[in-house]
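> Once you've had a glance at the structure underneath, I'll fire off some questions.
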Amino acid sequence: MSFNKNLKIELFYSSTTLKDLAAETGINYGTILSYTSHKEITPSLNNAYLIAKALGVSIEYLITGEDSTLEKTYPKLYKTIKELMALPSEEVKHIAGIIHELYSLNYLK
């Protein structure tokens with residue numbers, strides 16, 4: 001997956017707006033917007049670091065869609081997470097909604 005897609009997924013999961021991310025990282029809003037709007041635009045290493053830190057993910061994940069620490073930490077969930085990441089974003093939104101609903105009903109607490 002591309003930086004563009006991984007960034008959009010993390011923004012969705014964290015309920016972070018582009019404006020919030022710009023404020024937290026100090027990166028210009030237009031620059032962050034370009035990372036989500038154009039697949040061919042990738043950030044500098046410094047900007048990737050700031051974005052990853054703000055979203056609580058690794059730079060490795062944002063760039064490749066893979067996170068070797070995730071596989072080591074959650075080996076049983078890793079395959080499922082990879083399969084989820086391959087789904088269209090609309091499907092991921094539905095699945096995330098189901099998970100959030102189950103959590104709010106105390107099924108997952």
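Going through the structure tokens in order, the chains are called A, B, and so on, while each chain numbers its residues from 1 and the ligands are numbered from 1 in the order shown.
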Run DSSP on the backbone of this structure and report the residues of stretch 50-103 of chain A it assigns to helix (DSSP H, G or I), as number ranges by chain.

A: 50-55, 59-64, 68-73, 75-86, 89-103

> I want to know what sits within 7 Å of stretch 24-33 of chain A, based on only C-alpha atoms, with residues of the same chain fewer than 6 positions away left out; could you give that as a ChimeraX atom specification?

/A:18,50-51,54

> Would you save the residues of that selection, restricted to N, CA and C atoms, as a PDB file, in the first residue's frame?


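Generated output (out_11.pdb):
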```pdb
ATOM      1  N   LEU A  18      -7.249  16.666   8.965  1.00  0.00           N
ATOM      2  CA  LEU A  18      -6.020  17.199   8.378  1.00  0.00           C
ATOM      3  C   LEU A  18      -5.577  18.451   9.127  1.00  0.00           C
ATOM      4  N   LEU A  50       7.259  13.036  11.847  1.00  0.00           N
ATOM      5  CA  LEU A  50       6.306  13.855  12.611  1.00  0.00           C
ATOM      6  C   LEU A  50       4.878  13.321  12.490  1.00  0.00           C
ATOM      7  N   ILE A  51       4.507  12.914  11.293  1.00  0.00           N
ATOM      8  CA  ILE A  51       3.163  12.375  11.070  1.00  0.00           C
ATOM      9  C   ILE A  51       2.995  11.045  11.800  1.00  0.00           C
ATOM     10  N   ALA A  54       2.673  11.641  15.520  1.00  0.00           N
ATOM     11  CA  ALA A  54       1.375  12.226  15.860  1.00  0.00           C
ATOM     12  C   ALA A  54       0.256  11.190  15.811  1.00  0.00           C
TER      13      ALA A  54
END
```

> So the first atom is atom CA of A:Ser15 and the second is atom CA of A:Val92; what is the distance between them in Å, to one decimal place?

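Result for atom CA of A:Ser15 versus atom CA of A:Val92: 13.9 Å, one decimal.
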
> Which residues are close to A:Tyr35, i.e. within 10 Å by only C-alpha atoms, leaving aside same-chain residues fewer than 3 positions away? Reply as a PyMOL selection string.

chain A and resi 3-5+7-8+30-32+38-43

> Can you write just those residues out, N, CA, C and O atoms, as a PDB file, in the first residue's frame?


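The new file selection_3.pdb reads:
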```pdb
ATOM      1  N   PHE A   3       1.887   5.347   0.884  1.00  0.00           N
ATOM      2  CA  PHE A   3       1.855   6.286   2.001  1.00  0.00           C
ATOM      3  C   PHE A   3       0.496   6.985   2.029  1.00  0.00           C
ATOM      4  O   PHE A   3      -0.124   7.123   3.080  1.00  0.00           O
ATOM      5  N   ASN A   4       0.049   7.394   0.865  1.00  0.00           N
ATOM      6  CA  ASN A   4      -1.230   8.087   0.717  1.00  0.00           C
ATOM      7  C   ASN A   4      -2.381   7.300   1.352  1.00  0.00           C
ATOM      8  O   ASN A   4      -3.137   7.820   2.173  1.00  0.00           O
ATOM      9  N   LYS A   5      -2.497   6.033   0.987  1.00  0.00           N
ATOM     10  CA  LYS A   5      -3.595   5.207   1.500  1.00  0.00           C
ATOM     11  C   LYS A   5      -3.430   4.924   2.993  1.00  0.00           C
ATOM     12  O   LYS A   5      -4.387   5.000   3.757  1.00  0.00           O
ATOM     13  N   LEU A   7      -1.894   6.716   5.214  1.00  0.00           N
ATOM     14  CA  LEU A   7      -2.168   7.945   5.956  1.00  0.00           C
ATOM     15  C   LEU A   7      -3.674   8.159   6.088  1.00  0.00           C
ATOM     16  O   LEU A   7      -4.176   8.456   7.179  1.00  0.00           O
ATOM     17  N   LYS A   8      -4.401   7.986   4.995  1.00  0.00           N
ATOM     18  CA  LYS A   8      -5.856   8.171   5.047  1.00  0.00           C
ATOM     19  C   LYS A   8      -6.510   7.182   6.014  1.00  0.00           C
ATOM     20  O   LYS A   8      -7.420   7.543   6.755  1.00  0.00           O
ATOM     21  N   GLY A  30      -1.625  22.577   3.636  1.00  0.00           N
ATOM     22  CA  GLY A  30      -1.609  22.268   2.207  1.00  0.00           C
ATOM     23  C   GLY A  30      -0.669  21.114   1.877  1.00  0.00           C
ATOM     24  O   GLY A  30      -0.956  20.301   1.003  1.00  0.00           O
ATOM     25  N   THR A  31       0.432  21.046   2.605  1.00  0.00           N
ATOM     26  CA  THR A  31       1.385  19.949   2.394  1.00  0.00           C
ATOM     27  C   THR A  31       0.753  18.626   2.801  1.00  0.00           C
ATOM     28  O   THR A  31       0.839  17.638   2.064  1.00  0.00           O
ATOM     29  N   ILE A  32       0.111  18.608   3.960  1.00  0.00           N
ATOM     30  CA  ILE A  32      -0.546  17.379   4.415  1.00  0.00           C
ATOM     31  C   ILE A  32      -1.679  17.006   3.459  1.00  0.00           C
ATOM     32  O   ILE A  32      -1.853  15.839   3.120  1.00  0.00           O
ATOM     33  N   HIS A  38      -2.635  13.124  -3.520  1.00  0.00           N
ATOM     34  CA  HIS A  38      -1.832  12.700  -4.664  1.00  0.00           C
ATOM     35  C   HIS A  38      -0.941  11.529  -4.271  1.00  0.00           C
ATOM     36  O   HIS A  38      -0.073  11.672  -3.427  1.00  0.00           O
ATOM     37  N   LYS A  39      -1.156  10.389  -4.914  1.00  0.00           N
ATOM     38  CA  LYS A  39      -0.371   9.193  -4.601  1.00  0.00           C
ATOM     39  C   LYS A  39       1.121   9.402  -4.836  1.00  0.00           C
ATOM     40  O   LYS A  39       1.944   8.827  -4.142  1.00  0.00           O
ATOM     41  N   GLU A  40       1.466  10.223  -5.815  1.00  0.00           N
ATOM     42  CA  GLU A  40       2.869  10.350  -6.178  1.00  0.00           C
ATOM     43  C   GLU A  40       3.662  11.267  -5.242  1.00  0.00           C
ATOM     44  O   GLU A  40       4.880  11.318  -5.302  1.00  0.00           O
ATOM     45  N   ILE A  41       2.997  11.989  -4.373  1.00  0.00           N
ATOM     46  CA  ILE A  41       3.693  12.889  -3.444  1.00  0.00           C
ATOM     47  C   ILE A  41       3.956  12.161  -2.136  1.00  0.00           C
ATOM     48  O   ILE A  41       3.034  11.666  -1.493  1.00  0.00           O
ATOM     49  N   THR A  42       5.217  12.080  -1.768  1.00  0.00           N
ATOM     50  CA  THR A  42       5.592  11.450  -0.502  1.00  0.00           C
ATOM     51  C   THR A  42       6.343  12.477   0.346  1.00  0.00           C
ATOM     52  O   THR A  42       7.032  13.350  -0.183  1.00  0.00           O
ATOM     53  N   PRO A  43       6.226  12.342   1.652  1.00  0.00           N
ATOM     54  CA  PRO A  43       6.843  13.338   2.525  1.00  0.00           C
ATOM     55  C   PRO A  43       8.347  13.127   2.684  1.00  0.00           C
ATOM     56  O   PRO A  43       8.874  12.048   2.407  1.00  0.00           O
TER      57      PRO A  43
END
```

> State, in Å with one decimal place, the distance from atom CA of A:Leu62 to atom CA of A:Leu84.

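Between atom CA of A:Leu62 and atom CA of A:Leu84 the gap is 15.5 Å.
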
> Contacts of stretch 93-99 of chain A at 9 Å or less, counting only C-alpha atoms, minus same-chain residues fewer than 2 places along, as a PDB file with N, CA, C and O atoms, in the first residue's frame?


```pdb
ATOM      1  N   PHE A  12      -8.507   8.190   9.491  1.00  0.00           N
ATOM      2  CA  PHE A  12      -9.857   7.703   9.756  1.00  0.00           C
ATOM      3  C   PHE A  12      -9.931   7.009  11.112  1.00  0.00           C
ATOM      4  O   PHE A  12     -10.783   7.315  11.932  1.00  0.00           O
ATOM      5  N   TYR A  13      -9.015   6.059  11.346  1.00  0.00           N
ATOM      6  CA  TYR A  13      -9.043   5.288  12.591  1.00  0.00           C
ATOM      7  C   TYR A  13      -8.862   6.166  13.818  1.00  0.00           C
ATOM      8  O   TYR A  13      -9.438   5.911  14.859  1.00  0.00           O
ATOM      9  N   LEU A  84      -7.671  -6.966   6.455  1.00  0.00           N
ATOM     10  CA  LEU A  84      -8.500  -5.770   6.589  1.00  0.00           C
ATOM     11  C   LEU A  84      -7.913  -4.608   5.791  1.00  0.00           C
ATOM     12  O   LEU A  84      -8.644  -3.856   5.141  1.00  0.00           O
ATOM     13  N   PRO A  88     -11.377  -2.460   0.455  1.00  0.00           N
ATOM     14  CA  PRO A  88     -11.680  -1.076   0.088  1.00  0.00           C
ATOM     15  C   PRO A  88     -12.021  -0.266   1.343  1.00  0.00           C
ATOM     16  O   PRO A  88     -12.579  -0.795   2.304  1.00  0.00           O
ATOM     17  N   SER A  89     -11.691   1.018   1.330  1.00  0.00           N
ATOM     18  CA  SER A  89     -11.869   1.853   2.519  1.00  0.00           C
ATOM     19  C   SER A  89     -13.320   1.885   3.010  1.00  0.00           C
ATOM     20  O   SER A  89     -13.566   1.963   4.207  1.00  0.00           O
ATOM     21  N   GLU A  90     -14.273   1.787   2.104  1.00  0.00           N
ATOM     22  CA  GLU A  90     -15.685   1.792   2.524  1.00  0.00           C
ATOM     23  C   GLU A  90     -16.006   0.556   3.352  1.00  0.00           C
ATOM     24  O   GLU A  90     -16.743   0.625   4.335  1.00  0.00           O
ATOM     25  N   GLU A  91     -15.460  -0.586   2.969  1.00  0.00           N
ATOM     26  CA  GLU A  91     -15.664  -1.821   3.740  1.00  0.00           C
ATOM     27  C   GLU A  91     -15.000  -1.714   5.109  1.00  0.00           C
ATOM     28  O   GLU A  91     -15.551  -2.152   6.117  1.00  0.00           O
ATOM     29  N   GLU A 101     -19.077  -0.224  17.755  1.00  0.00           N
ATOM     30  CA  GLU A 101     -20.385  -0.475  18.372  1.00  0.00           C
ATOM     31  C   GLU A 101     -20.289  -1.588  19.413  1.00  0.00           C
ATOM     32  O   GLU A 101     -20.824  -1.477  20.520  1.00  0.00           O
ATOM     33  N   LEU A 102     -19.620  -2.672  19.076  1.00  0.00           N
ATOM     34  CA  LEU A 102     -19.432  -3.759  20.041  1.00  0.00           C
ATOM     35  C   LEU A 102     -18.679  -3.269  21.274  1.00  0.00           C
ATOM     36  O   LEU A 102     -19.019  -3.612  22.404  1.00  0.00           O
ATOM     37  N   TYR A 103     -17.687  -2.447  21.041  1.00  0.00           N
ATOM     38  CA  TYR A 103     -16.903  -1.901  22.161  1.00  0.00           C
ATOM     39  C   TYR A 103     -17.795  -1.033  23.052  1.00  0.00           C
ATOM     40  O   TYR A 103     -17.739  -1.133  24.275  1.00  0.00           O
ATOM     41  N   SER A 104     -18.608  -0.186  22.423  1.00  0.00           N
ATOM     42  CA  SER A 104     -19.476   0.702  23.216  1.00  0.00           C
ATOM     43  C   SER A 104     -20.535  -0.078  23.996  1.00  0.00           C
ATOM     44  O   SER A 104     -21.026   0.389  25.022  1.00  0.00           O
ATOM     45  N   LEU A 108     -16.349  -5.732  24.024  1.00  0.00           N
ATOM     46  CA  LEU A 108     -14.916  -5.840  23.798  1.00  0.00           C
ATOM     47  C   LEU A 108     -14.083  -5.194  24.906  1.00  0.00           C
ATOM     48  O   LEU A 108     -12.895  -5.024  24.749  1.00  0.00           O
TER      49      LEU A 108
END
```

> Kindly give the distance, in Å, that separates atom CA of A:Glu66 and atom CA of A:His100, rounded to a single decimal.

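Those two atoms sit 23.4 Å apart.
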